[in-house]
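Okay, model.pdb now, which holds PDB, C-alpha atoms:
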```pdb
ATOM      1  CA  MET A   1       0.000   0.000   0.000
ATOM      2  CA  ALA A   2       1.426   3.357  -0.991
ATOM      3  CA  GLU A   3       1.869   5.864   1.803
ATOM      4  CA  VAL A   4      -0.008   9.125   1.507
ATOM      5  CA  SER A   5       1.989  12.253   2.220
ATOM      6  CA  ILE A   6       0.988  14.622   4.960
ATOM      7  CA  GLU A   7       0.223  17.264   2.333
ATOM      8  CA  GLU A   8      -2.209  14.931   0.562
ATOM      9  CA  ARG A   9      -3.880  14.021   3.831
ATOM     10  CA  LEU A  10      -4.191  17.698   4.763
ATOM     11  CA  ALA A  11      -5.664  18.512   1.352
ATOM     12  CA  ALA A  12      -8.267  15.758   1.835
ATOM     13  CA  VAL A  13      -9.174  17.124   5.269
ATOM     14  CA  GLU A  14      -9.497  20.664   3.900
ATOM     15  CA  ILE A  15     -11.827  19.426   1.152
ATOM     16  CA  ALA A  16     -13.939  17.568   3.717
ATOM     17  CA  VAL A  17     -14.146  20.642   5.965
ATOM     18  CA  LYS A  18     -15.205  22.853   3.048
ATOM     19  CA  ASP A  19     -17.877  20.306   2.132
ATOM     20  CA  LEU A  20     -19.202  20.258   5.705
ATOM     21  CA  GLN A  21     -19.224  24.060   5.869
ATOM     22  CA  ARG A  22     -21.127  24.209   2.579
ATOM     23  CA  ARG A  23     -23.717  21.750   3.893
ATOM     24  CA  LEU A  24     -24.166  23.621   7.169
ATOM     25  CA  VAL A  25     -25.090  26.864   5.418
ATOM     26  CA  ASN A  26     -28.461  25.380   4.435
ATOM     27  CA  VAL A  27     -29.243  23.737   7.777
ATOM     28  CA  PRO A  28     -31.754  25.740   9.807
ATOM     29  CA  SER A  29     -30.707  26.416  13.376
ATOM     30  CA  SER A  30     -32.482  24.250  15.905
ATOM     31  CA  PRO A  31     -34.476  25.850  18.689
ATOM     32  CA  ASN A  32     -32.916  26.000  22.124
ATOM     33  CA  TRP A  33     -34.326  22.936  23.895
ATOM     34  CA  LEU A  34     -33.830  24.487  27.306
ATOM     35  CA  GLU A  35     -35.924  27.526  26.417
ATOM     36  CA  GLN A  36     -38.643  25.205  25.116
ATOM     37  CA  ILE A  37     -39.007  23.337  28.420
ATOM     38  CA  THR A  38     -38.284  26.145  30.888
ATOM     39  CA  GLY A  39     -41.408  26.693  32.940
ATOM     40  CA  SER A  40     -43.228  23.678  31.534
ATOM     41  CA  PHE A  41     -43.527  22.154  35.022
ATOM     42  CA  LYS A  42     -44.609  25.380  36.703
ATOM     43  CA  ASN A  43     -47.269  24.839  39.362
ATOM     44  CA  GLN A  44     -46.978  21.054  39.101
ATOM     45  CA  PRO A  45     -47.039  19.489  42.580
ATOM     46  CA  ALA A  46     -45.519  16.261  41.254
ATOM     47  CA  PHE A  47     -42.470  18.157  40.006
ATOM     48  CA  GLU A  48     -42.040  19.812  43.398
ATOM     49  CA  ASP A  49     -42.062  16.294  44.896
ATOM     50  CA  VAL A  50     -39.363  15.208  42.442
ATOM     51  CA  LEU A  51     -37.185  18.149  43.478
ATOM     52  CA  LYS A  52     -37.742  17.337  47.154
ATOM     53  CA  TYR A  53     -36.868  13.646  46.686
ATOM     54  CA  GLY A  54     -33.748  14.550  44.719
ATOM     55  CA  ARG A  55     -32.607  16.975  47.412
ATOM     56  CA  GLU A  56     -33.197  14.369  50.131
ATOM     57  CA  TRP A  57     -31.323  11.730  48.124
ATOM     58  CA  ARG A  58     -28.288  13.980  47.662
ATOM     59  CA  GLN A  59     -28.242  14.934  51.333
ATOM     60  CA  ALA A  60     -28.542  11.295  52.444
ATOM     61  CA  ASP A  61     -25.622  10.353  50.200
ATOM     62  CA  GLN A  62     -23.184  12.750  51.894
ATOM     63  CA  LEU A  63     -20.405  11.286  54.003
ATOM     64  CA  PRO A  64     -20.545  12.078  57.710
ATOM     65  CA  GLU A  65     -18.060  14.667  58.888
ATOM     66  CA  ASP A  66     -14.846  13.343  60.402
ATOM     67  CA  PRO A  67     -14.772  14.492  64.069
ATOM     68  CA  GLU A  68     -10.965  14.428  64.056
ATOM     69  CA  ALA A  69     -10.804  16.787  61.067
ATOM     70  CA  SER A  70     -12.392  19.645  63.022
ATOM     71  CA  ALA A  71     -10.075  19.235  66.035
TER      72      ALA A  71
END
```

Whole structure given in structure tokens:
Amino acid sequence: MAEVSIEERLAAVEIAVKDLQRRLVNVPSSPNWLEQITGSFKNQPAFEDVLKYGREWRQADQLPEDPEASA
């Protein structure tokens, strides 16, 4: 198998990048998913429960403080 020079490899990469850039010009930008869902759970008691359970889970998973560390 013949080895390809670094210049040939670079030229191939540059062609591929130009092709990708050309394709991206016509792609419409996607909406921001975070903006779409922000506030969607407002005034939902079940979501407040989820937040509470998550907070309790994280707090229960904390290591107890080492009494010798504070001495």

Specify the axis-aligned box that encloses all atoms of stretch 3-6 of chain A listed in the file after padding of 6 Å on each side, stating its centre and edge lengths in Å to one decimal as JSON.
```
{"center_x": 1.0, "center_y": 10.2, "center_z": 3.2, "size_x": 14.0, "size_y": 20.8, "size_z": 15.5}
```

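Interatomic distance, atom CA of A:Leu34 against atom CA of A:Tyr53: 22.4 Å.
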
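Between atom CA of A:Phe41 and atom CA of A:Arg55 the interatomic distance comes to 17.3 Å.
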
**Request:** Measure the distance from atom CA of A:Gly39 to atom CA of A:Lys52 in Å and round it to one decimal.
**Result:** 17.4 Å

Please return stretch 14-50 of chain A, rebuilt to N, CA and C atoms, as a compact mmCIF listing (two decimals), in the coordinates of the input.
```txt
# COMPACT_ATOMS: atom_id res chain seq x y z
N GLU A 14 -9.00 19.34 4.27
CA GLU A 14 -9.50 20.66 3.90
C GLU A 14 -10.71 20.56 2.98
N ILE A 15 -10.68 19.62 2.05
CA ILE A 15 -11.83 19.43 1.15
C ILE A 15 -13.04 18.98 1.96
N ALA A 16 -12.83 18.05 2.89
CA ALA A 16 -13.94 17.57 3.72
C ALA A 16 -14.53 18.69 4.57
N VAL A 17 -13.67 19.53 5.14
CA VAL A 17 -14.15 20.64 5.96
C VAL A 17 -14.95 21.62 5.12
N LYS A 18 -14.46 21.94 3.93
CA LYS A 18 -15.20 22.85 3.05
C LYS A 18 -16.56 22.27 2.69
N ASP A 19 -16.61 20.96 2.45
CA ASP A 19 -17.88 20.31 2.13
C ASP A 19 -18.84 20.40 3.31
N LEU A 20 -18.35 20.15 4.52
CA LEU A 20 -19.20 20.26 5.70
C LEU A 20 -19.70 21.68 5.91
N GLN A 21 -18.82 22.66 5.72
CA GLN A 21 -19.22 24.06 5.87
C GLN A 21 -20.29 24.42 4.85
N ARG A 22 -20.15 23.93 3.62
CA ARG A 22 -21.13 24.21 2.58
C ARG A 22 -22.48 23.61 2.96
N ARG A 23 -22.46 22.40 3.50
CA ARG A 23 -23.72 21.75 3.89
C ARG A 23 -24.39 22.47 5.06
N LEU A 24 -23.60 22.98 5.99
CA LEU A 24 -24.17 23.62 7.17
C LEU A 24 -24.84 24.95 6.87
N VAL A 25 -24.48 25.58 5.77
CA VAL A 25 -25.09 26.86 5.42
C VAL A 25 -26.60 26.71 5.26
N ASN A 26 -27.04 25.58 4.73
CA ASN A 26 -28.46 25.38 4.43
C ASN A 26 -29.24 24.72 5.57
N VAL A 27 -28.57 24.40 6.66
CA VAL A 27 -29.24 23.74 7.78
C VAL A 27 -29.84 24.81 8.69
N PRO A 28 -31.15 24.74 8.91
CA PRO A 28 -31.75 25.74 9.81
C PRO A 28 -31.29 25.50 11.24
N SER A 29 -31.14 26.57 11.99
CA SER A 29 -30.71 26.42 13.38
C SER A 29 -31.84 25.79 14.18
N SER A 30 -31.47 24.92 15.10
CA SER A 30 -32.48 24.25 15.90
C SER A 30 -32.84 25.14 17.09
N PRO A 31 -34.07 25.04 17.54
CA PRO A 31 -34.48 25.85 18.69
C PRO A 31 -33.74 25.40 19.94
N ASN A 32 -33.58 26.30 20.86
CA ASN A 32 -32.92 26.00 22.12
C ASN A 32 -33.85 25.13 22.96
N TRP A 33 -33.46 23.87 23.18
CA TRP A 33 -34.33 22.94 23.90
C TRP A 33 -34.59 23.39 25.32
N LEU A 34 -33.63 24.05 25.93
CA LEU A 34 -33.83 24.49 27.31
C LEU A 34 -34.91 25.57 27.39
N GLU A 35 -34.90 26.48 26.44
CA GLU A 35 -35.92 27.53 26.42
C GLU A 35 -37.30 26.93 26.16
N GLN A 36 -37.36 25.83 25.41
CA GLN A 36 -38.64 25.20 25.12
C GLN A 36 -39.27 24.56 26.35
N ILE A 37 -38.44 24.03 27.26
CA ILE A 37 -39.01 23.34 28.42
C ILE A 37 -39.02 24.17 29.69
N THR A 38 -38.32 25.31 29.69
CA THR A 38 -38.28 26.14 30.89
C THR A 38 -39.70 26.58 31.25
N GLY A 39 -40.08 26.31 32.47
CA GLY A 39 -41.41 26.69 32.94
C GLY A 39 -42.50 25.70 32.62
N SER A 40 -42.18 24.62 31.93
CA SER A 40 -43.23 23.68 31.53
C SER A 40 -43.78 22.89 32.72
N PHE A 41 -43.05 22.86 33.84
CA PHE A 41 -43.53 22.15 35.02
C PHE A 41 -44.00 23.12 36.11
N LYS A 42 -44.20 24.37 35.73
CA LYS A 42 -44.61 25.38 36.70
C LYS A 42 -45.96 24.98 37.31
N ASN A 43 -46.05 25.14 38.61
CA ASN A 43 -47.27 24.84 39.36
C ASN A 43 -47.68 23.37 39.26
N GLN A 44 -46.70 22.49 39.14
CA GLN A 44 -46.98 21.05 39.10
C GLN A 44 -46.51 20.44 40.42
N PRO A 45 -47.43 20.05 41.28
CA PRO A 45 -47.04 19.49 42.58
C PRO A 45 -46.13 18.26 42.44
N ALA A 46 -46.35 17.45 41.44
CA ALA A 46 -45.52 16.26 41.25
C ALA A 46 -44.06 16.65 41.00
N PHE A 47 -43.84 17.73 40.27
CA PHE A 47 -42.47 18.16 40.01
C PHE A 47 -41.81 18.66 41.28
N GLU A 48 -42.57 19.36 42.11
CA GLU A 48 -42.04 19.81 43.40
C GLU A 48 -41.63 18.61 44.25
N ASP A 49 -42.42 17.52 44.18
CA ASP A 49 -42.06 16.29 44.90
C ASP A 49 -40.76 15.71 44.36
N VAL A 50 -40.59 15.72 43.05
CA VAL A 50 -39.36 15.21 42.44
C VAL A 50 -38.16 16.00 42.94
```
